[in-house]
$ cat run21.cif   # mmCIF, C-alpha atoms
data_upload
loop_
_atom_site.label_atom_id
_atom_site.label_comp_id
_atom_site.auth_asym_id
_atom_site.auth_seq_id
_atom_site.Cartn_x
_atom_site.Cartn_y
_atom_site.Cartn_z
CA MET A 1 92.08 24.22 149.84
CA PRO A 2 90.26 21.22 151.24
CA LYS A 3 90.66 20.68 154.94
CA ILE A 4 93.16 17.95 155.84
CA SER A 5 93.83 16.18 159.10
CA GLU A 6 96.91 16.89 161.21
CA GLU A 7 98.18 13.45 160.29
CA GLN A 8 97.81 14.13 156.57
CA LYS A 9 99.53 17.44 157.05
CA GLN A 10 102.53 15.83 158.77
CA GLU A 11 102.73 13.20 156.03
CA ARG A 12 102.86 15.87 153.35
CA ILE A 13 105.48 17.87 155.22
CA ASP A 14 107.59 14.74 155.63
CA ARG A 15 107.24 13.99 151.93
CA VAL A 16 108.42 17.49 151.05
CA LEU A 17 111.36 17.24 153.44
CA ASP A 18 112.43 13.77 152.32
CA GLY A 19 112.44 14.84 148.69
CA ALA A 20 114.22 18.11 149.45
CA ARG A 21 116.93 16.24 151.32
CA ARG A 22 117.49 13.91 148.37
CA CYS A 23 117.55 16.88 146.00
CA PHE A 24 120.06 18.87 148.09
CA ALA A 25 122.31 15.81 148.45
CA ARG A 26 122.19 15.16 144.72
CA PHE A 27 122.62 18.67 143.31
CA GLY A 28 124.01 20.67 146.22
CA TYR A 29 122.29 23.59 147.90
CA GLU A 30 122.78 26.03 145.04
CA GLY A 31 122.11 23.37 142.43
CA ALA A 32 118.75 22.42 143.96
CA THR A 33 116.63 24.68 141.78
CA VAL A 34 112.88 24.95 142.25
CA ALA A 35 112.35 22.81 139.14
CA ARG A 36 114.62 20.10 140.55
CA LEU A 37 112.90 20.27 143.92
CA GLU A 38 109.53 19.82 142.18
CA ALA A 39 110.83 16.82 140.23
CA GLU A 40 112.43 15.13 143.24
CA ILE A 41 109.53 15.77 145.63
CA GLY A 42 106.85 15.11 143.03
CA LEU A 43 104.80 18.15 143.98
CA SER A 44 104.34 21.57 142.42
CA ARG A 45 106.17 24.60 143.78
CA GLY A 46 102.87 25.89 145.11
CA ALA A 47 102.40 22.73 147.21
CA ILE A 48 106.04 22.72 148.37
CA PHE A 49 106.20 26.36 149.36
CA ASN A 50 102.80 26.11 151.00
CA TRP A 51 104.65 24.53 153.93
CA PHE A 52 107.97 26.35 153.79
CA PRO A 53 108.38 29.98 152.83
CA SER A 54 111.71 29.46 151.04
CA LYS A 55 114.41 26.99 150.02
CA GLU A 56 116.46 28.27 152.92
CA GLU A 57 113.69 27.39 155.38
CA LEU A 58 113.48 23.93 153.86
CA PHE A 59 117.17 23.37 154.49
CA VAL A 60 117.01 24.85 158.00
CA GLU A 61 114.15 22.50 158.90
CA LEU A 62 116.16 19.52 157.65
CA ALA A 63 119.18 20.70 159.64
CA ARG A 64 116.99 21.22 162.71
CA ARG A 65 115.67 17.66 162.44
CA ASP A 66 119.20 16.28 162.01
CA ASN A 67 120.34 18.23 165.01
CA ASP A 68 117.44 17.08 167.20
CA ARG A 69 117.96 13.47 166.17
CA LEU A 70 121.70 13.57 166.85
CA LEU A 71 121.37 15.30 170.21
CA ARG A 72 118.73 12.77 171.28
CA LEU A 73 121.05 9.98 170.22
CA PHE A 74 123.81 11.52 172.30
CA ALA A 75 121.55 11.86 175.36
CA ASP A 76 120.22 8.29 174.98
CA GLU A 77 123.28 6.35 173.87
CA GLY A 78 126.34 8.58 174.27
CA PHE A 79 129.05 10.03 172.08
CA GLU A 80 130.09 6.77 170.45
CA ALA A 81 126.65 6.30 168.87
CA LEU A 82 126.85 9.84 167.52
CA VAL A 83 130.27 9.28 165.94
CA ARG A 84 129.01 6.11 164.28
CA GLU A 85 125.88 7.84 163.02
CA ILE A 86 127.88 10.63 161.37
CA THR A 87 130.41 8.14 160.00
CA ASP A 88 127.53 6.28 158.33
CA GLU A 89 125.68 9.39 157.15
CA ASP A 90 125.35 9.99 153.40
CA ALA A 91 128.45 12.03 152.47
CA ASP A 92 126.52 13.84 149.73
CA TRP A 93 124.17 15.17 152.35
CA LEU A 94 127.03 16.21 154.67
CA ALA A 95 128.54 18.14 151.76
CA VAL A 96 125.44 20.36 151.70
CA TYR A 97 126.33 21.65 155.16
CA LEU A 98 129.73 22.76 153.92
CA GLU A 99 128.18 24.58 151.03
CA PHE A 100 125.71 26.22 153.37
CA GLY A 101 128.60 27.49 155.50
CA ARG A 102 129.09 30.55 153.36
CA ARG A 103 125.43 31.50 153.76
CA LEU A 104 125.79 31.22 157.54
CA ARG A 105 128.96 33.24 157.51
CA SER A 106 127.48 36.21 155.68
CA ASP A 107 124.43 36.66 157.91
CA ALA A 108 124.82 37.19 161.67
CA GLU A 109 121.08 37.15 162.39
CA PHE A 110 120.70 33.87 160.58
CA ARG A 111 123.68 32.45 162.45
CA GLU A 112 121.97 33.14 165.77
CA ARG A 113 118.86 31.27 164.63
CA TRP A 114 121.09 28.43 163.49
CA LYS A 115 122.72 28.12 166.91
CA GLU A 116 119.26 27.86 168.50
CA ARG A 117 117.94 25.34 166.01
CA ALA A 118 117.80 22.41 168.44
CA ALA A 119 114.67 22.09 170.55
CA PRO A 120 115.20 23.51 174.07
CA ASP A 121 114.18 20.24 175.76
CA VAL A 122 116.78 18.31 173.76
CA ARG A 123 119.50 20.78 174.59
CA GLU A 124 118.56 20.54 178.26
CA ARG A 125 118.78 16.75 178.16
CA VAL A 126 122.26 16.89 176.66
CA GLN A 127 123.32 19.48 179.23
CA SER A 128 122.06 17.39 182.17
CA GLN A 129 123.63 14.27 180.68
CA LEU A 130 127.03 15.96 180.74
CA GLU A 131 126.41 17.37 184.22
CA SER A 132 125.51 13.98 185.64
CA GLY A 133 128.62 12.56 183.97
CA GLN A 134 130.69 15.05 185.93
CA THR A 135 128.80 14.42 189.19
CA SER A 136 129.20 10.67 188.90
CA GLY A 137 132.93 11.04 188.22
CA ARG A 138 132.66 9.63 184.69
CA LEU A 139 133.58 12.93 182.99
CA ARG A 140 136.34 15.32 184.00
CA ASP A 141 135.06 18.28 185.98
CA ASP A 142 138.00 20.63 185.64
CA VAL A 143 136.44 21.82 182.36
CA SER A 144 132.94 23.30 182.17
CA VAL A 145 130.02 21.39 180.68
CA THR A 146 129.85 24.05 177.97
CA ASP A 147 133.49 23.48 177.03
CA LEU A 148 133.06 19.69 177.05
CA GLY A 149 130.07 20.02 174.72
CA ARG A 150 131.97 22.39 172.44
CA PHE A 151 134.91 20.02 172.21
CA LEU A 152 132.63 17.14 171.23
CA GLY A 153 130.99 19.41 168.65
CA LEU A 154 134.42 20.27 167.28
CA VAL A 155 135.32 16.63 166.74
CA LEU A 156 131.97 15.92 165.08
CA ASP A 157 132.32 18.97 162.82
CA GLY A 158 135.75 17.66 161.86
CA ILE A 159 134.21 14.35 160.78
CA VAL A 160 131.47 16.16 158.85
CA VAL A 161 133.94 18.33 156.95
CA GLN A 162 136.27 15.44 156.09
CA ARG A 163 133.45 13.22 154.87
CA GLY A 164 131.68 16.13 153.17
CA MET A 165 134.87 16.87 151.21
CA GLY A 166 134.94 13.29 149.98
CA PHE A 167 137.63 11.85 152.22
CA GLU A 168 137.13 8.59 154.01
CA GLY A 169 137.06 10.11 157.47
CA PRO A 170 138.75 8.75 160.56
CA ASP A 171 138.34 5.31 162.11
CA PRO A 172 135.39 5.77 164.50
CA ASP A 173 136.91 3.36 167.04
CA VAL A 174 140.04 5.48 167.32
CA VAL A 175 138.04 8.71 167.59
CA VAL A 176 135.91 7.27 170.38
CA ARG A 177 138.93 6.00 172.34
CA LEU A 178 140.84 9.26 172.08
CA VAL A 179 137.80 11.39 172.91
CA ASP A 180 137.02 9.17 175.90
CA ASP A 181 140.48 9.88 177.23
CA ALA A 182 140.12 13.61 176.47
CA ILE A 183 136.84 14.10 178.33
CA GLY A 184 136.77 11.22 180.79
CA ALA A 185 137.75 11.60 184.42
CA GLY A 186 138.58 7.93 184.55
CA ARG A 187 141.98 6.87 185.74
CA ARG A 188 143.46 10.28 185.60
CA SER A 189 141.22 12.03 188.10
CA GLY A 190 143.48 11.34 191.05
CA ASP A 191 146.52 12.72 189.26
CA ARG A 192 144.90 15.78 187.89
CA ARG A 193 142.83 17.00 190.77
CA GLN A 194 145.30 16.21 193.49
CA PRO A 195 148.61 16.75 191.76
CA SER A 196 150.55 16.43 195.02
CA ALA A 197 148.54 13.55 196.46
CA SER A 198 151.39 11.06 196.29
CA SER A 199 153.98 13.40 197.74
CA SER A 200 151.70 14.57 200.54
CA ALA A 201 150.67 11.03 201.46
CA MET B 202 159.24 38.85 127.56
CA PRO B 203 162.39 40.36 129.06
CA LYS B 204 164.52 38.01 131.07
CA ILE B 205 164.05 38.35 134.83
CA SER B 206 166.12 37.04 137.70
CA GLU B 207 164.94 34.15 139.89
CA GLU B 208 164.49 36.65 142.72
CA GLN B 209 162.29 38.89 140.58
CA LYS B 210 160.31 35.86 139.49
CA GLN B 211 159.66 34.80 143.10
CA GLU B 212 158.65 38.35 144.00
CA ARG B 213 156.10 38.42 141.20
CA ILE B 214 154.71 35.01 142.12
CA ASP B 215 154.37 36.12 145.75
CA ARG B 216 152.60 39.28 144.63
CA VAL B 217 150.13 37.26 142.58
CA LEU B 218 149.52 34.84 145.46
CA ASP B 219 149.12 37.56 148.09
CA GLY B 220 146.57 39.38 145.97
CA ALA B 221 144.73 36.18 145.07
CA ARG B 222 144.47 35.25 148.73
CA ARG B 223 142.97 38.65 149.59
CA CYS B 224 140.58 38.35 146.64
CA PHE B 225 139.40 34.82 147.58
CA ALA B 226 138.92 35.87 151.22
CA ARG B 227 136.92 38.93 150.19
CA PHE B 228 134.69 37.50 147.46
CA GLY B 229 134.82 33.76 148.02
CA TYR B 230 136.23 31.21 145.58
CA GLU B 231 133.37 31.47 143.08
CA GLY B 232 133.07 35.23 143.55
CA ALA B 233 136.75 35.81 142.76
CA THR B 234 136.30 36.52 139.06
CA VAL B 235 139.24 37.16 136.75
CA ALA B 236 138.37 40.88 136.73
CA ARG B 237 138.41 40.98 140.54
CA LEU B 238 141.68 39.04 140.66
CA GLU B 239 143.21 41.58 138.26
CA ALA B 240 141.99 44.49 140.40
CA GLU B 241 143.19 43.00 143.69
CA ILE B 242 146.56 41.81 142.38
CA GLY B 243 147.13 44.88 140.22
CA LEU B 244 148.28 42.86 137.23
CA SER B 245 146.62 41.86 133.96
CA ARG B 246 145.19 38.39 133.48
CA GLY B 247 148.04 37.67 131.08
CA ALA B 248 150.59 38.39 133.81
CA ILE B 249 148.65 36.46 136.47
CA PHE B 250 148.03 33.34 134.43
CA ASN B 251 151.58 33.43 133.13
CA TRP B 252 152.51 31.83 136.47
CA PHE B 253 149.43 29.74 137.17
CA PRO B 254 147.41 27.91 134.52
CA SER B 255 144.06 28.48 136.26
CA LYS B 256 142.23 29.96 139.22
CA GLU B 257 142.11 26.48 140.68
CA GLU B 258 145.90 26.18 140.55
CA LEU B 259 146.18 29.55 142.25
CA PHE B 260 144.04 28.33 145.13
CA VAL B 261 145.84 24.99 145.33
CA GLU B 262 149.20 26.76 145.56
CA LEU B 263 147.87 28.95 148.39
CA ALA B 264 146.53 25.88 150.19
CA ARG B 265 149.84 24.09 149.63
CA ARG B 266 151.74 26.98 151.20
CA ASP B 267 149.31 27.10 154.17
CA ASN B 268 149.72 23.38 154.66
CA ASP B 269 153.51 23.52 154.51
CA ARG B 270 153.61 26.43 156.94
CA LEU B 271 151.26 24.72 159.41
CA LEU B 272 153.02 21.36 159.29
CA ARG B 273 156.38 23.08 159.84
CA LEU B 274 154.89 24.91 162.79
CA PHE B 275 153.67 21.61 164.20
CA ALA B 276 157.08 19.98 163.75
CA ASP B 277 158.92 22.96 165.27
CA GLU B 278 156.60 24.06 168.06
CA GLY B 279 153.93 21.41 168.54
CA PHE B 280 150.17 21.14 168.35
CA GLU B 281 149.41 24.08 170.63
CA ALA B 282 151.11 26.53 168.26
CA LEU B 283 149.05 25.10 165.41
CA VAL B 284 145.75 25.52 167.27
CA ARG B 285 146.63 29.12 168.07
CA GLU B 286 147.63 29.82 164.48
CA ILE B 287 144.30 28.56 163.13
CA THR B 288 142.39 30.35 165.89
CA ASP B 289 144.05 33.60 164.79
CA GLU B 290 143.72 32.95 161.04
CA ASP B 291 141.49 35.27 159.01
CA ALA B 292 138.04 33.64 159.11
CA ASP B 293 137.21 34.97 155.62
CA TRP B 294 140.14 33.00 154.28
CA LEU B 295 139.13 29.84 156.18
CA ALA B 296 135.66 30.14 154.64
CA VAL B 297 137.20 29.70 151.18
CA TYR B 298 138.28 26.19 152.16
CA LEU B 299 134.69 25.28 152.98
CA GLU B 300 133.50 26.58 149.65
CA PHE B 301 136.23 24.65 147.92
CA GLY B 302 135.05 21.46 149.62
CA ARG B 303 132.44 20.78 146.97
CA ARG B 304 135.08 21.02 144.25
CA LEU B 305 137.19 18.47 146.10
CA ARG B 306 134.24 16.20 146.61
CA SER B 307 133.31 15.97 142.96
CA ASP B 308 136.76 15.08 141.63
CA ALA B 309 138.60 12.01 142.94
CA GLU B 310 141.78 12.68 140.95
CA PHE B 311 141.95 16.19 142.31
CA ARG B 312 141.35 14.90 145.85
CA GLU B 313 144.42 12.68 145.59
CA ARG B 314 146.57 15.64 144.54
CA TRP B 315 145.10 17.60 147.45
CA LYS B 316 146.11 14.94 149.97
CA GLU B 317 149.67 15.05 148.66
CA ARG B 318 149.91 18.83 148.64
CA ALA B 319 152.39 19.07 151.52
CA ALA B 320 156.06 18.76 150.63
CA PRO B 321 157.38 15.23 151.32
CA ASP B 322 160.16 16.48 153.60
CA VAL B 323 157.65 18.34 155.77
CA ARG B 324 155.40 15.30 156.04
CA GLU B 325 158.38 13.21 157.03
CA ARG B 326 159.33 15.69 159.76
CA VAL B 327 155.81 15.56 161.20
CA GLN B 328 155.82 11.77 161.04
CA SER B 329 159.17 11.46 162.84
CA GLN B 330 158.06 14.07 165.39
CA LEU B 331 155.11 11.87 166.31
CA GLU B 332 157.23 8.72 166.30
CA SER B 333 159.80 10.23 168.64
CA GLY B 334 156.92 11.36 170.88
CA GLN B 335 155.86 7.74 171.18
CA THR B 336 159.41 6.47 171.70
CA SER B 337 160.10 8.98 174.44
CA GLY B 338 156.84 8.08 176.18
CA ARG B 339 155.32 11.53 175.66
CA LEU B 340 152.62 10.28 173.28
CA ARG B 341 150.46 7.18 173.68
CA ASP B 342 151.72 4.27 171.60
CA ASP B 343 148.62 2.08 171.65
CA VAL B 344 147.39 4.05 168.61
CA SER B 345 149.39 4.29 165.37
CA VAL B 346 151.19 7.47 164.35
CA THR B 347 148.86 7.67 161.36
CA ASP B 348 145.80 7.59 163.62
CA LEU B 349 147.29 10.16 166.00
CA GLY B 350 147.95 12.47 163.06
CA ARG B 351 144.46 11.94 161.69
CA PHE B 352 142.89 12.76 165.03
CA LEU B 353 144.85 16.01 165.27
CA GLY B 354 143.77 16.83 161.71
CA LEU B 355 140.16 16.17 162.67
CA VAL B 356 140.29 18.63 165.56
CA LEU B 357 141.95 21.26 163.38
CA ASP B 358 139.39 20.76 160.61
CA GLY B 359 136.69 21.23 163.25
CA ILE B 360 138.17 24.60 164.20
CA VAL B 361 138.45 25.60 160.53
CA VAL B 362 134.82 24.76 159.80
CA GLN B 363 133.48 26.53 162.89
CA ARG B 364 135.49 29.69 162.25
CA GLY B 365 134.84 29.51 158.52
CA MET B 366 131.09 29.41 159.18
CA GLY B 367 131.39 32.58 161.24
CA PHE B 368 131.23 31.14 164.74
CA GLU B 369 133.69 32.18 167.38
CA GLY B 370 135.38 28.81 167.60
CA PRO B 371 136.42 26.99 170.76
CA ASP B 372 138.73 28.28 173.48
CA PRO B 373 142.20 27.22 172.28
CA ASP B 374 143.37 26.58 175.86
CA VAL B 375 140.60 24.04 176.39
CA VAL B 376 141.25 22.36 173.04
CA VAL B 377 144.94 22.00 173.80
CA ARG B 378 144.30 20.57 177.28
CA LEU B 379 141.77 18.02 176.07
CA VAL B 380 143.84 16.99 173.06
CA ASP B 381 146.92 16.61 175.27
CA ASP B 382 144.97 14.16 177.40
CA ALA B 383 143.65 12.37 174.31
CA ILE B 384 147.03 11.77 172.67
CA GLY B 385 149.46 11.96 175.56
CA ALA B 386 150.81 8.90 177.31
CA GLY B 387 151.41 10.96 180.42
CA ARG B 388 150.04 9.74 183.70
CA ARG B 389 147.80 7.16 182.18
CA SER B 390 150.40 5.00 180.50
CA GLY B 391 150.85 2.77 183.51
CA ASP B 392 147.13 2.22 183.80
CA ARG B 393 146.45 1.63 180.16
CA ARG B 394 149.33 -0.57 179.16
CA GLN B 395 149.32 -2.73 182.24
CA PRO B 396 145.68 -2.86 183.18
CA SER B 397 146.26 -5.53 185.81
CA ALA B 398 149.48 -4.05 187.19
CA SER B 399 147.99 -3.29 190.58
CA SER B 400 146.24 -6.63 190.99
CA SER B 401 149.28 -8.63 189.87
CA ALA B 402 151.63 -6.71 192.17
#
$ encode --input "run21.cif" --output "structure tokens"
Amino acid sequence: MPKISEEQKQERIDRVLDGARRCFARFGYEGATVARLEAEIGLSRGAIFNWFPSKEELFVELARRDNDRLLRLFADEGFEALVREITDEDADWLAVYLEFGRRLRSDAEFRERWKERAAPDVRERVQSQLESGQTSGRLRDDVSVTDLGRFLGLVLDGIVVQRGMGFEGPDPDVVVRLVDDAIGAGRRSGDRRQPSASSSA
Amino acid sequence: MPKISEEQKQERIDRVLDGARRCFARFGYEGATVARLEAEIGLSRGAIFNWFPSKEELFVELARRDNDRLLRLFADEGFEALVREITDEDADWLAVYLEFGRRLRSDAEFRERWKERAAPDVRERVQSQLESGQTSGRLRDDVSVTDLGRFLGLVLDGIVVQRGMGFEGPDPDVVVRLVDDAIGAGRRSGDRRQPSASSSA
């Protein structure tokens, strides 16, 4: 193979990934055969699988990029931006995640890799974002940062599954308001943390 | 066919459904072939499909019964009981819902039937339960009953997808606490509904 620059290499990888994403969204994970991947990407299987050892690794890389992008968005702009992003995401693509669920379920080793798919620096940024929210009194601190993050993940997974199944999904404004009240310290902090404040005053 | 009593008929239908549920949980929706359904149920295909026109109708009836049971639980005992029920549900069975998602997605007519799968009287009980929660001041009333119900559904779908994909799922205690603060009127009602109460006093 002729030598190519790092830039050319990244361009080719992006081309493979963009085409694979379209192909998965269009035909589903199982339906995205090698022939369909070749047609959608416009490269031969040899060129495609030069960069990724398998169809599974192609999907995992796409999921990893999604995850990185969404966590960065959360760290930079907050939960509301994330809800809007997922509400606007192509539902055909979200449906691929549902289909992939069974694959995750049947393979514990793979599931561990999946949990760790976000880059460590991005996960750390999200973690410290939540911690500083607690320190500043913006987020409730009677629940751990881990549990806050899991709850947000739960709500987002709920949106993904509803949209992936073809339903309209919830009104993002309502979701954001209710989640703000679930995780925020806000007006309630006095009541919750000092339940007898008024009687002891 | 010999005449059978209504009781015998219900017993046979329950036997078919119980076996079909085990078979779907074990092999997945696609993997539950007619031969495997026969083996798990212990009846011939003629006897099985005497009661249900297709494998799809078998699954829909199981989902309808789940939905009825869960909505009744919500109406009788509240959201916490529902979270605990889904947290304790067989994850193999929950995974079948994920797999079925693609089927839902590709068929709009079927999706409409799916939305209406709960019995009307059960849906009405849930609706009036939420309405009375607002009237009594237990639930926030700055969000419609429909939106409150949708938010609860979103959280539950999030638990289903996480458990169905093989992850442990969130701590039900944390979910219940956060959701209570999201949907409850509780201590915040004074603040939210009369934002300038303190300044105007």
$ atom_distance --input "run21.cif" --atom1 "CA of Ala226 in chain B" --atom2 "CA of Val297 in chain B"
6.4 Å
$ resolve_selection --input "run21.cif" --expression "the PyMOL selection byres ((chain A) within 8 of (chain B))" --output "PyMOL selection string"
chain A and resi 95+98-99+101-102+104-106+111+143+147+150-151+154-159+161-162+164-167+170-171+174-175+178-183+187-188+191
$ resolve_selection --input "run21.cif" --expression "the PyMOL selection byres ((chain B and resi 265-273) around 7)" --output "number ranges by chain"
B: 261-264, 274-277, 283, 318-320, 323, 327
$ write_last_selection --input "run21.cif" --atoms "C-alpha atoms" --output "PDB file, in the frame of the given file"
ATOM      1  CA  VAL B 261     145.840  24.990 145.330  1.00  0.00           C
ATOM      2  CA  GLU B 262     149.200  26.760 145.560  1.00  0.00           C
ATOM      3  CA  LEU B 263     147.870  28.950 148.390  1.00  0.00           C
ATOM      4  CA  ALA B 264     146.530  25.880 150.190  1.00  0.00           C
ATOM      5  CA  LEU B 274     154.890  24.910 162.790  1.00  0.00           C
ATOM      6  CA  PHE B 275     153.670  21.610 164.200  1.00  0.00           C
ATOM      7  CA  ALA B 276     157.080  19.980 163.750  1.00  0.00           C
ATOM      8  CA  ASP B 277     158.920  22.960 165.270  1.00  0.00           C
ATOM      9  CA  LEU B 283     149.050  25.100 165.410  1.00  0.00           C
ATOM     10  CA  ARG B 318     149.910  18.830 148.640  1.00  0.00           C
ATOM     11  CA  ALA B 319     152.390  19.070 151.520  1.00  0.00           C
ATOM     12  CA  ALA B 320     156.060  18.760 150.630  1.00  0.00           C
ATOM     13  CA  VAL B 323     157.650  18.340 155.770  1.00  0.00           C
ATOM     14  CA  VAL B 327     155.810  15.560 161.200  1.00  0.00           C
TER      15      VAL B 327
END
$ residues_near_point --input "run21.cif" --point "(160.0, 37.5, 143.2)" --cutoff "12 Å" --atoms "all atoms listed in the file" --output "VMD selection string"
chain B and resid 205 to 219 252
$ write_last_selection --input "run21.cif" --atoms "C-alpha atoms" --output "PDB file, in the coordinates of the input"
ATOM      1  CA  ILE B 205     164.050  38.350 134.830  1.00  0.00           C
ATOM      2  CA  SER B 206     166.120  37.040 137.700  1.00  0.00           C
ATOM      3  CA  GLU B 207     164.940  34.150 139.890  1.00  0.00           C
ATOM      4  CA  GLU B 208     164.490  36.650 142.720  1.00  0.00           C
ATOM      5  CA  GLN B 209     162.290  38.890 140.580  1.00  0.00           C
ATOM      6  CA  LYS B 210     160.310  35.860 139.490  1.00  0.00           C
ATOM      7  CA  GLN B 211     159.660  34.800 143.100  1.00  0.00           C
ATOM      8  CA  GLU B 212     158.650  38.350 144.000  1.00  0.00           C
ATOM      9  CA  ARG B 213     156.100  38.420 141.200  1.00  0.00           C
ATOM     10  CA  ILE B 214     154.710  35.010 142.120  1.00  0.00           C
ATOM     11  CA  ASP B 215     154.370  36.120 145.750  1.00  0.00           C
ATOM     12  CA  ARG B 216     152.600  39.280 144.630  1.00  0.00           C
ATOM     13  CA  VAL B 217     150.130  37.260 142.580  1.00  0.00           C
ATOM     14  CA  LEU B 218     149.520  34.840 145.460  1.00  0.00           C
ATOM     15  CA  ASP B 219     149.120  37.560 148.090  1.00  0.00           C
ATOM     16  CA  TRP B 252     152.510  31.830 136.470  1.00  0.00           C
TER      17      TRP B 252
END
$ atom_distance --input "run21.cif" --atom1 "CA of Trp315 in chain B" --atom2 "CA of Arg21 in chain A"
28.5 Å
$ atom_distance --input "run21.cif" --atom1 "CA of Glu89 in chain A" --atom2 "CA of Glu317 in chain B"
26.1 Å
$ resolve_selection --input "run21.cif" --expression "the PyMOL selection byres ((chain A and resi 131) around 12)" --output "PyMOL selection string"
chain A and resi 75+124-130+132-141+143-149
$ closest_residue --input "run21.cif" --among "A:Arg123, A:Lys3, A:Ala35, A:Ala20" --to "Glu57 in chain A" --atoms "all atoms listed in the file"
A:Ala20
$ residues_near_point --input "run21.cif" --point "(118.2, 27.2, 149.0)" --cutoff "8 Å" --atoms "all atoms listed in the file" --output "PyMOL selection string"
chain A and resi 29-30+32-33+54-59
